[in-house]
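Peer 1: So I've got this file, structure.txt, and it contains compact mmCIF, C-alpha atoms and all ligand atoms:
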```txt
# COMPACT_ATOMS: atom_id res chain seq x y z
CA MET A 1 7.07 42.61 62.35
CA PRO A 2 3.99 42.16 60.12
CA GLY A 3 4.27 39.20 57.76
CA LEU A 4 4.44 39.20 53.99
CA THR A 5 1.16 40.47 52.57
CA ILE A 6 -0.48 41.85 49.42
CA GLY A 7 1.73 44.42 47.70
CA ASP A 8 4.96 43.27 49.36
CA THR A 9 7.94 42.12 47.31
CA ILE A 10 8.70 38.51 48.13
CA PRO A 11 12.19 38.04 49.59
CA ASP A 12 14.72 36.78 47.05
CA LEU A 13 15.46 33.62 49.03
CA GLU A 14 17.77 30.81 47.99
CA VAL A 15 15.90 27.55 48.42
CA GLU A 16 16.55 23.84 47.99
CA THR A 17 13.93 22.08 45.90
CA THR A 18 13.23 18.75 44.26
CA HIS A 19 14.49 20.45 41.05
CA GLY A 20 17.72 21.71 42.67
CA HIS A 21 18.84 25.02 44.11
CA LEU A 22 16.67 28.05 43.17
CA ARG A 23 16.59 31.78 43.83
CA LEU A 24 13.00 32.89 44.08
CA HIS A 25 13.27 35.99 41.88
CA ASP A 26 15.20 34.10 39.16
CA PHE A 27 12.61 31.32 39.28
CA ILE A 28 9.71 33.76 38.83
CA ASP A 29 11.60 35.72 36.17
CA ASP A 30 9.00 37.53 33.98
CA SER A 31 6.13 35.17 34.83
CA TRP A 32 3.41 34.95 37.40
CA ALA A 33 3.99 32.30 40.09
CA ILE A 34 1.97 30.45 42.69
CA ILE A 35 3.87 29.49 45.84
CA PHE A 36 1.91 27.13 48.08
CA SER A 37 2.82 25.52 51.39
CA HIS A 38 1.79 22.24 53.01
CA PRO A 39 1.93 21.18 56.66
CA GLY A 40 3.94 18.02 55.99
CA ASP A 41 4.88 15.10 53.74
CA PHE A 42 2.89 11.88 53.94
CA THR A 43 -0.20 13.63 55.34
CA PRO A 44 -3.64 12.99 53.90
CA VAL A 45 -4.97 16.39 52.81
CA CYS A 46 -1.58 17.44 51.40
CA THR A 47 -1.34 14.26 49.34
CA THR A 48 -4.70 15.03 47.70
CA GLU A 49 -3.80 18.71 47.16
CA LEU A 50 -0.43 18.11 45.52
CA GLY A 51 -1.94 15.53 43.16
CA LYS A 52 -4.74 17.90 42.16
CA ILE A 53 -2.25 20.73 41.59
CA ALA A 54 -0.23 18.38 39.35
CA GLU A 55 -3.43 17.59 37.44
CA TYR A 56 -4.04 21.35 36.93
CA ALA A 57 -0.38 22.12 36.07
CA GLU A 58 -1.09 22.30 32.34
CA GLU A 59 -3.88 24.86 32.96
CA PHE A 60 -1.42 27.04 34.88
CA ASN A 61 1.37 26.55 32.30
CA ARG A 62 -0.97 27.66 29.50
CA ARG A 63 -1.58 30.89 31.43
CA GLY A 64 2.18 31.44 31.89
CA ILE A 65 2.08 30.72 35.61
CA LYS A 66 4.85 28.83 37.41
CA LEU A 67 4.13 26.54 40.36
CA LEU A 68 6.34 26.14 43.42
CA GLY A 69 5.32 23.94 46.37
CA LEU A 70 6.76 23.85 49.87
CA SER A 71 6.67 21.31 52.65
CA CYS A 72 9.00 21.34 55.65
CA ASP A 73 10.43 17.86 55.29
CA ASP A 74 13.72 17.15 53.52
CA LEU A 75 14.31 16.40 49.85
CA ARG A 76 14.68 12.64 50.35
CA SER A 77 11.26 12.58 52.00
CA HIS A 78 9.72 14.76 49.25
CA LYS A 79 11.02 12.40 46.53
CA GLU A 80 9.53 9.36 48.28
CA TRP A 81 6.26 11.19 48.91
CA ILE A 82 5.88 12.16 45.22
CA LYS A 83 5.46 8.42 44.46
CA ASP A 84 2.41 8.34 46.76
CA ILE A 85 1.01 11.58 45.32
CA GLU A 86 1.24 10.27 41.75
CA ALA A 87 -0.24 6.90 42.73
CA PHE A 88 -3.18 8.53 44.51
CA THR A 89 -4.05 10.83 41.59
CA PRO A 90 -3.64 8.51 38.60
CA GLY A 91 -2.22 10.13 35.48
CA CYS A 92 -0.80 13.13 37.33
CA ARG A 93 2.92 13.91 37.26
CA VAL A 94 4.43 16.23 39.85
CA THR A 95 6.41 18.33 37.39
CA TYR A 96 6.70 21.42 39.62
CA PRO A 97 9.48 21.87 42.20
CA ILE A 98 8.81 21.42 45.93
CA ILE A 99 10.92 23.37 48.44
CA ALA A 100 12.41 21.51 51.42
CA ASP A 101 12.44 23.65 54.56
CA PRO A 102 13.55 21.45 57.45
CA ASN A 103 14.84 24.47 59.44
CA ARG A 104 11.59 26.44 58.96
CA GLU A 105 13.46 29.47 57.59
CA VAL A 106 11.53 29.79 54.34
CA ILE A 107 8.07 29.53 55.92
CA LYS A 108 8.95 32.30 58.39
CA GLN A 109 10.10 34.65 55.64
CA LEU A 110 7.09 33.90 53.42
CA ASN A 111 4.56 34.26 56.26
CA MET A 112 3.50 30.63 55.97
CA VAL A 113 3.81 29.49 59.60
CA ASP A 114 0.76 27.90 61.20
CA PRO A 115 0.57 29.52 64.67
CA GLU A 116 -1.13 26.48 66.21
CA GLU A 117 -0.16 23.31 64.37
CA LYS A 118 3.09 21.59 65.55
CA ASP A 119 4.83 18.43 64.39
CA THR A 120 5.58 15.51 66.74
CA ASN A 121 8.79 17.29 67.92
CA GLY A 122 6.90 20.49 68.77
CA ASN A 123 8.32 22.38 65.75
CA SER A 124 6.19 24.87 63.82
CA VAL A 125 4.69 23.63 60.59
CA PRO A 126 3.43 25.53 57.55
CA SER A 127 -0.20 26.54 57.22
CA ARG A 128 -1.91 26.01 53.87
CA ALA A 129 -0.73 29.36 52.58
CA LEU A 130 -0.70 30.28 48.90
CA HIS A 131 0.77 33.43 47.41
CA ILE A 132 0.14 34.50 43.83
CA VAL A 133 3.11 36.63 42.79
CA GLY A 134 3.27 38.89 39.72
CA PRO A 135 6.20 39.36 37.34
CA ASP A 136 7.13 42.41 39.46
CA LYS A 137 7.76 39.90 42.32
CA ARG A 138 4.99 41.43 44.44
CA VAL A 139 2.29 39.44 46.19
CA LYS A 140 -1.00 39.98 44.36
CA LEU A 141 -3.20 37.64 46.42
CA SER A 142 -2.79 35.28 49.37
CA PHE A 143 -4.84 32.42 50.80
CA LEU A 144 -4.34 31.36 54.39
CA TYR A 145 -6.08 28.12 55.34
CA PRO A 146 -5.62 25.91 58.39
CA ALA A 147 -4.19 22.40 58.02
CA SER A 148 -7.68 20.91 58.29
CA THR A 149 -9.02 22.64 55.13
CA GLY A 150 -7.79 21.60 51.69
CA ARG A 151 -7.78 24.28 49.01
CA SER A 152 -9.85 24.32 45.80
CA MET A 153 -7.81 24.40 42.61
CA GLU A 154 -10.90 25.68 40.77
CA GLU A 155 -10.81 28.68 43.11
CA VAL A 156 -7.09 29.20 42.48
CA LEU A 157 -7.69 29.20 38.70
CA ARG A 158 -10.66 31.54 39.13
CA VAL A 159 -8.67 34.12 41.11
CA VAL A 160 -5.77 33.90 38.65
CA GLU A 161 -8.21 34.84 35.85
CA SER A 162 -9.59 37.68 37.98
CA LEU A 163 -6.10 39.04 38.74
CA LYS A 164 -5.12 38.89 35.09
CA ALA A 165 -8.32 40.63 33.95
CA ALA A 166 -7.81 43.39 36.55
CA ALA A 167 -4.14 43.81 35.58
CA LYS A 168 -5.04 44.18 31.91
CA HIS A 169 -8.31 46.14 31.72
CA LYS A 170 -9.04 48.52 34.69
CA VAL A 171 -11.83 46.18 35.80
CA ALA A 172 -12.70 44.15 38.88
CA THR A 173 -14.66 40.92 39.22
CA PRO A 174 -17.93 40.84 41.21
CA VAL A 175 -19.31 38.23 43.59
CA ASN A 176 -19.19 34.62 42.36
CA TRP A 177 -17.62 35.78 39.11
CA LYS A 178 -16.21 33.13 36.83
CA PRO A 179 -14.30 33.52 33.56
CA GLY A 180 -16.66 34.59 30.76
CA ASP A 181 -19.03 36.47 33.11
CA LYS A 182 -19.36 40.25 32.99
CA VAL A 183 -16.83 42.27 34.96
CA VAL A 184 -17.31 45.64 36.66
CA ILE A 185 -15.48 48.80 35.65
CA SER A 186 -13.11 50.10 38.34
CA PRO A 187 -14.45 53.04 40.39
CA SER A 188 -11.37 55.10 39.43
CA VAL A 189 -12.53 55.13 35.77
CA SER A 190 -14.81 58.08 34.88
CA ASN A 191 -17.77 57.52 32.54
CA GLU A 192 -15.97 59.53 29.87
CA GLU A 193 -12.89 57.32 30.17
CA ALA A 194 -15.08 54.19 30.29
CA ARG A 195 -16.63 55.06 26.91
CA LYS A 196 -13.12 55.16 25.41
CA LEU A 197 -11.73 52.12 27.24
CA PHE A 198 -14.76 49.91 26.62
CA PRO A 199 -16.01 50.65 23.06
CA GLN A 200 -18.03 47.44 23.29
CA GLY A 201 -20.26 49.40 25.74
CA TYR A 202 -21.25 48.94 29.35
CA GLN A 203 -24.46 48.72 31.39
CA THR A 204 -24.98 50.84 34.51
CA ALA A 205 -27.14 49.40 37.32
CA ASP A 206 -30.10 51.65 38.19
CA LEU A 207 -29.74 52.02 41.97
CA PRO A 208 -31.81 53.98 44.54
CA SER A 209 -28.85 56.32 45.16
CA LYS A 210 -28.80 57.18 41.43
CA LYS A 211 -25.01 56.98 41.71
CA ASP A 212 -23.69 55.31 38.57
CA TYR A 213 -20.87 53.34 40.16
CA LEU A 214 -21.94 49.77 39.29
CA ARG A 215 -21.05 49.39 35.62
CA PHE A 216 -20.86 45.99 33.93
CA THR A 217 -19.00 45.16 30.76
CA ASN A 218 -17.41 42.25 28.88
CA VAL A 219 -13.65 41.96 28.36
C1 LIG B 301 -3.14 16.75 56.23
O1 LIG B 301 -2.47 17.08 55.25
O2 LIG B 301 -4.03 15.93 56.13
C2 LIG B 301 -2.90 17.38 57.57
C3 LIG B 301 -1.64 17.81 57.92
C4 LIG B 301 -1.44 18.36 59.17
C5 LIG B 301 -2.51 18.47 60.06
C6 LIG B 301 -3.78 18.06 59.68
C7 LIG B 301 -3.97 17.51 58.42
```
Now, as a test, write the supplied structure out as structure tokens.
Ligand code: BEZ
Peer 2:
Amino acid sequence: MPGLTIGDTIPDLEVETTHGHLRLHDFIDDSWAIIFSHPGDFTPVCTTELGKIAEYAEEFNRRGIKLLGLSCDDLRSHKEWIKDIEAFTPGCRVTYPIIADPNREVIKQLNMVDPEEKDTNGNSVPSRALHIVGPDKRVKLSFLYPASTGRSMEEVLRVVESLKAAAKHKVATPVNWKPGDKVVISPSVSNEEARKLFPQGYQTADLPSKKDYLRFTNV
């Protein structure tokens, strides 16, 4: 069976977290959410990632985005580990919940299993997966990194801004785009519609094909 991917509704799982029992759909409610997995507690890359996410939590909160971590170990282990995370990234507070998944049920259902990495008992562990889920509970974007590669929170923030711009304005974001840069108008928008949707105007790239499909604007 293919795993959870873009466009799929995330399963409405009941999970145990450091903030108590949650149902995923109730947790997301009418917000956007970022669900991110980690190979294990008390591991080096994960400790740096969770601290950095805590440091960025306010940025995500301001954008109405909820955070939900996952690591396979149990809740007692998570609570001990949080002390290390906060000590390593001074000033950060891990205010987001972290799912405990000792039976590896949640990672299977959320397509977060690392096919190669195993713990010392030979059990599967999570990859560094990250799903950005919309208020409709559908996956809008996923990252899938191996255990050896820590994620960039700047990149997570950047793609959140891109998703939100695309959801609001019939635009897409070009290569190396960052918030504040020009966006491109979606190919499905005719020039006539573009003039109405973007009264601020737009610039069409002059290309050898003379096809006017590369149109930049500000939103
Ligand atoms: C880490 O978080 O550093 C890590 C975890 C599992 C495998 C490799 C690295």
Peer 1: Go ahead and compute the interatomic distance for atom CA of Ser186 of chain A and atom CA of Gly134 of chain A, in Å to one decimal.
Peer 2: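 Calculated distance between atom CA of Ser186 of chain A and atom CA of Gly134 of chain A is 19.9 Å.
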Peer 1: Select, from A:Trp81, A:Phe42, A:Trp32, A:Tyr56, the residue with the minimum atom-to-atom distance to ligand LIG 301 (chain B), counting only C-alpha atoms and all ligand atoms.
Peer 2: A:Phe42
Peer 1: For ligand LIG 301 (chain B), list the contacting residues at 7 Å or closer, counting all atoms listed in the file, as a PDB file with C-alpha atoms, in the coordinates of the input.
Peer 2:
```
ATOM      1  CA  PRO A  39       1.930  21.180  56.660  1.00  0.00           C
ATOM      2  CA  GLY A  40       3.940  18.020  55.990  1.00  0.00           C
ATOM      3  CA  THR A  43      -0.200  13.630  55.340  1.00  0.00           C
ATOM      4  CA  PRO A  44      -3.640  12.990  53.900  1.00  0.00           C
ATOM      5  CA  VAL A  45      -4.970  16.390  52.810  1.00  0.00           C
ATOM      6  CA  CYS A  46      -1.580  17.440  51.400  1.00  0.00           C
ATOM      7  CA  THR A  47      -1.340  14.260  49.340  1.00  0.00           C
ATOM      8  CA  GLU A 117      -0.160  23.310  64.370  1.00  0.00           C
ATOM      9  CA  ALA A 147      -4.190  22.400  58.020  1.00  0.00           C
ATOM     10  CA  SER A 148      -7.680  20.910  58.290  1.00  0.00           C
TER      11      SER A 148
END
```
Peer 1: Would you please work out which residue, of A:Ser37, A:Ser77, A:Thr120, A:Asn176, is nearest to Lys108 of chain A when using only C-alpha atoms?
Peer 2: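 For Lys108 of chain A, the nearest of the candidates is A:Ser37.
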Peer 1: Neighbouring residues of Lys137 of chain A were defined as those with any atom within 10 Å, considering all atoms listed in the file; residues of the same chain fewer than 4 positions away were excluded. Please report them as a PyMOL selection string.
Peer 2: chain A and resi 7-12+24-26+28-33+132-133
Peer 1: So what do you get for atom CA of Val219 of chain A versus atom CA of Asp206 of chain A, distance-wise?
Peer 2: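 Value for the atom CA of Val219 of chain A-atom CA of Asp206 of chain A distance: 21.5 Å.
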Peer 1: Scan for residues within 12 Å of the point (-7.6, 34.0, 40.7) in the coordinates of the file, using all atoms listed in the file, and reply as a ChimeraX atom specification.
Peer 2: /A:32-34,60,63,65,130-134,140-143,152-167,172-173,176-179
Peer 1: Using only C-alpha atoms, which residues sit within 10 Å of Gly69 of chain A once same-chain residues fewer than 2 positions away are excluded, as a PDB file with C-alpha atoms, in the coordinates of the input?
Peer 2:
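Written out: result-v8.pdb:
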```pdb
ATOM      1  CA  THR A  17      13.930  22.080  45.900  1.00  0.00           C
ATOM      2  CA  THR A  18      13.230  18.750  44.260  1.00  0.00           C
ATOM      3  CA  ILE A  34       1.970  30.450  42.690  1.00  0.00           C
ATOM      4  CA  ILE A  35       3.870  29.490  45.840  1.00  0.00           C
ATOM      5  CA  PHE A  36       1.910  27.130  48.080  1.00  0.00           C
ATOM      6  CA  SER A  37       2.820  25.520  51.390  1.00  0.00           C
ATOM      7  CA  HIS A  38       1.790  22.240  53.010  1.00  0.00           C
ATOM      8  CA  LEU A  50      -0.430  18.110  45.520  1.00  0.00           C
ATOM      9  CA  ILE A  53      -2.250  20.730  41.590  1.00  0.00           C
ATOM     10  CA  LEU A  67       4.130  26.540  40.360  1.00  0.00           C
ATOM     11  CA  SER A  71       6.670  21.310  52.650  1.00  0.00           C
ATOM     12  CA  TYR A  96       6.700  21.420  39.620  1.00  0.00           C
ATOM     13  CA  PRO A  97       9.480  21.870  42.200  1.00  0.00           C
ATOM     14  CA  ILE A  98       8.810  21.420  45.930  1.00  0.00           C
ATOM     15  CA  ILE A  99      10.920  23.370  48.440  1.00  0.00           C
ATOM     16  CA  ALA A 100      12.410  21.510  51.420  1.00  0.00           C
ATOM     17  CA  LEU A 130      -0.700  30.280  48.900  1.00  0.00           C
TER      18      LEU A 130
END
```
Peer 1: Pick out the closest residue to Val15 of chain A from this set: A:Thr204, A:Thr95, A:Gln109, A:Thr48. Count all atoms listed in the file.
Peer 2: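 Closest to Val15 of chain A, using all atoms listed in the file: A:Gln109.
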Peer 1: Mind giving me the straight-line distance from atom CA of Thr5 of chain A to atom CA of Leu144 of chain A in Å, one decimal?
Peer 2: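 About the pair atom CA of Thr5 of chain A and atom CA of Leu144 of chain A: they are 10.8 Å apart.
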Peer 1: Between A:Val171, A:Ala87, A:Leu197, A:Leu70, which is the closest to Val125 of chain A once you count only C-alpha atoms?
Peer 2: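 Of the candidates, the smallest distance to Val125 of chain A is held by A:Leu70.
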Peer 1: Complete segment 45-56 of chain A with all heavy atoms (output as a PDB file, keeping the file's coordinate frame).
Peer 2:
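Now in part.pdb:
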```pdb
ATOM      1  N   VAL A  45      -4.437  15.292  53.627  1.00  0.00           N
ATOM      2  CA  VAL A  45      -4.970  16.390  52.810  1.00  0.00           C
ATOM      3  C   VAL A  45      -3.906  16.862  51.806  1.00  0.00           C
ATOM      4  O   VAL A  45      -4.191  17.107  50.624  1.00  0.00           O
ATOM      5  CB  VAL A  45      -5.446  17.560  53.702  1.00  0.00           C
ATOM      6  CG1 VAL A  45      -5.944  18.721  52.856  1.00  0.00           C
ATOM      7  CG2 VAL A  45      -6.529  17.100  54.669  1.00  0.00           C
ATOM      8  N   CYS A  46      -2.661  16.968  52.280  1.00  0.00           N
ATOM      9  CA  CYS A  46      -1.580  17.440  51.400  1.00  0.00           C
ATOM     10  C   CYS A  46      -1.394  16.516  50.209  1.00  0.00           C
ATOM     11  O   CYS A  46      -1.146  16.976  49.084  1.00  0.00           O
ATOM     12  CB  CYS A  46      -0.254  17.517  52.167  1.00  0.00           C
ATOM     13  SG  CYS A  46      -0.311  18.651  53.546  1.00  0.00           S
ATOM     14  N   THR A  47      -1.527  15.225  50.425  1.00  0.00           N
ATOM     15  CA  THR A  47      -1.340  14.260  49.340  1.00  0.00           C
ATOM     16  C   THR A  47      -2.408  14.479  48.258  1.00  0.00           C
ATOM     17  O   THR A  47      -2.115  14.447  47.065  1.00  0.00           O
ATOM     18  CB  THR A  47      -1.384  12.825  49.904  1.00  0.00           C
ATOM     19  OG1 THR A  47      -0.346  12.722  50.884  1.00  0.00           O
ATOM     20  CG2 THR A  47      -1.189  11.783  48.824  1.00  0.00           C
ATOM     21  N   THR A  48      -3.644  14.772  48.700  1.00  0.00           N
ATOM     22  CA  THR A  48      -4.700  15.030  47.700  1.00  0.00           C
ATOM     23  C   THR A  48      -4.471  16.371  47.003  1.00  0.00           C
ATOM     24  O   THR A  48      -4.667  16.493  45.798  1.00  0.00           O
ATOM     25  CB  THR A  48      -6.110  15.044  48.362  1.00  0.00           C
ATOM     26  OG1 THR A  48      -6.212  16.124  49.299  1.00  0.00           O
ATOM     27  CG2 THR A  48      -6.414  13.738  49.067  1.00  0.00           C
ATOM     28  N   GLU A  49      -4.007  17.376  47.757  1.00  0.00           N
ATOM     29  CA  GLU A  49      -3.800  18.710  47.160  1.00  0.00           C
ATOM     30  C   GLU A  49      -2.698  18.693  46.110  1.00  0.00           C
ATOM     31  O   GLU A  49      -2.855  19.223  45.010  1.00  0.00           O
ATOM     32  CB  GLU A  49      -3.408  19.720  48.238  1.00  0.00           C
ATOM     33  CG  GLU A  49      -4.549  20.234  49.092  1.00  0.00           C
ATOM     34  CD  GLU A  49      -4.112  21.430  49.910  1.00  0.00           C
ATOM     35  OE1 GLU A  49      -2.985  21.429  50.430  1.00  0.00           O
ATOM     36  OE2 GLU A  49      -4.899  22.377  50.035  1.00  0.00           O
ATOM     37  N   LEU A  50      -1.566  18.069  46.459  1.00  0.00           N
ATOM     38  CA  LEU A  50      -0.430  18.110  45.520  1.00  0.00           C
ATOM     39  C   LEU A  50      -0.752  17.351  44.239  1.00  0.00           C
ATOM     40  O   LEU A  50      -0.316  17.743  43.155  1.00  0.00           O
ATOM     41  CB  LEU A  50       0.834  17.568  46.197  1.00  0.00           C
ATOM     42  CG  LEU A  50       1.464  18.611  47.123  1.00  0.00           C
ATOM     43  CD1 LEU A  50       2.371  17.950  48.141  1.00  0.00           C
ATOM     44  CD2 LEU A  50       2.260  19.632  46.350  1.00  0.00           C
ATOM     45  N   GLY A  51      -1.536  16.269  44.354  1.00  0.00           N
ATOM     46  CA  GLY A  51      -1.940  15.530  43.160  1.00  0.00           C
ATOM     47  C   GLY A  51      -2.860  16.376  42.292  1.00  0.00           C
ATOM     48  O   GLY A  51      -2.735  16.418  41.067  1.00  0.00           O
ATOM     49  N   LYS A  52      -3.791  17.075  42.925  1.00  0.00           N
ATOM     50  CA  LYS A  52      -4.740  17.900  42.160  1.00  0.00           C
ATOM     51  C   LYS A  52      -3.993  19.065  41.490  1.00  0.00           C
ATOM     52  O   LYS A  52      -4.265  19.410  40.339  1.00  0.00           O
ATOM     53  CB  LYS A  52      -5.854  18.407  43.090  1.00  0.00           C
ATOM     54  CG  LYS A  52      -7.051  18.983  42.401  1.00  0.00           C
ATOM     55  CD  LYS A  52      -7.667  18.079  41.359  1.00  0.00           C
ATOM     56  CE  LYS A  52      -8.519  16.973  41.931  1.00  0.00           C
ATOM     57  NZ  LYS A  52      -9.129  16.139  40.848  1.00  0.00           N
ATOM     58  N   ILE A  53      -3.031  19.642  42.199  1.00  0.00           N
ATOM     59  CA  ILE A  53      -2.250  20.730  41.590  1.00  0.00           C
ATOM     60  C   ILE A  53      -1.489  20.195  40.367  1.00  0.00           C
ATOM     61  O   ILE A  53      -1.429  20.843  39.321  1.00  0.00           O
ATOM     62  CB  ILE A  53      -1.280  21.361  42.626  1.00  0.00           C
ATOM     63  CG1 ILE A  53      -2.088  22.060  43.723  1.00  0.00           C
ATOM     64  CG2 ILE A  53      -0.314  22.334  41.955  1.00  0.00           C
ATOM     65  CD1 ILE A  53      -1.287  22.445  44.951  1.00  0.00           C
ATOM     66  N   ALA A  54      -0.945  18.983  40.496  1.00  0.00           N
ATOM     67  CA  ALA A  54      -0.230  18.380  39.350  1.00  0.00           C
ATOM     68  C   ALA A  54      -1.194  18.191  38.184  1.00  0.00           C
ATOM     69  O   ALA A  54      -0.843  18.428  37.022  1.00  0.00           O
ATOM     70  CB  ALA A  54       0.393  17.055  39.774  1.00  0.00           C
ATOM     71  N   GLU A  55      -2.427  17.785  38.486  1.00  0.00           N
ATOM     72  CA  GLU A  55      -3.430  17.590  37.440  1.00  0.00           C
ATOM     73  C   GLU A  55      -3.750  18.925  36.728  1.00  0.00           C
ATOM     74  O   GLU A  55      -4.022  18.951  35.542  1.00  0.00           O
ATOM     75  CB  GLU A  55      -4.703  17.059  38.091  1.00  0.00           C
ATOM     76  CG  GLU A  55      -5.492  16.100  37.259  1.00  0.00           C
ATOM     77  CD  GLU A  55      -6.628  15.520  38.092  1.00  0.00           C
ATOM     78  OE1 GLU A  55      -7.615  16.236  38.354  1.00  0.00           O
ATOM     79  OE2 GLU A  55      -6.511  14.361  38.503  1.00  0.00           O
ATOM     80  N   TYR A  56      -3.729  20.029  37.486  1.00  0.00           N
ATOM     81  CA  TYR A  56      -4.040  21.350  36.930  1.00  0.00           C
ATOM     82  C   TYR A  56      -2.805  22.054  36.341  1.00  0.00           C
ATOM     83  O   TYR A  56      -2.923  23.166  35.836  1.00  0.00           O
ATOM     84  CB  TYR A  56      -4.615  22.261  38.026  1.00  0.00           C
ATOM     85  CG  TYR A  56      -6.104  22.127  38.235  1.00  0.00           C
ATOM     86  CD1 TYR A  56      -6.657  20.962  38.752  1.00  0.00           C
ATOM     87  CD2 TYR A  56      -6.967  23.177  37.940  1.00  0.00           C
ATOM     88  CE1 TYR A  56      -8.021  20.848  38.963  1.00  0.00           C
ATOM     89  CE2 TYR A  56      -8.335  23.062  38.145  1.00  0.00           C
ATOM     90  CZ  TYR A  56      -8.846  21.905  38.653  1.00  0.00           C
ATOM     91  OH  TYR A  56     -10.200  21.792  38.858  1.00  0.00           O
TER      92      TYR A  56
END
```
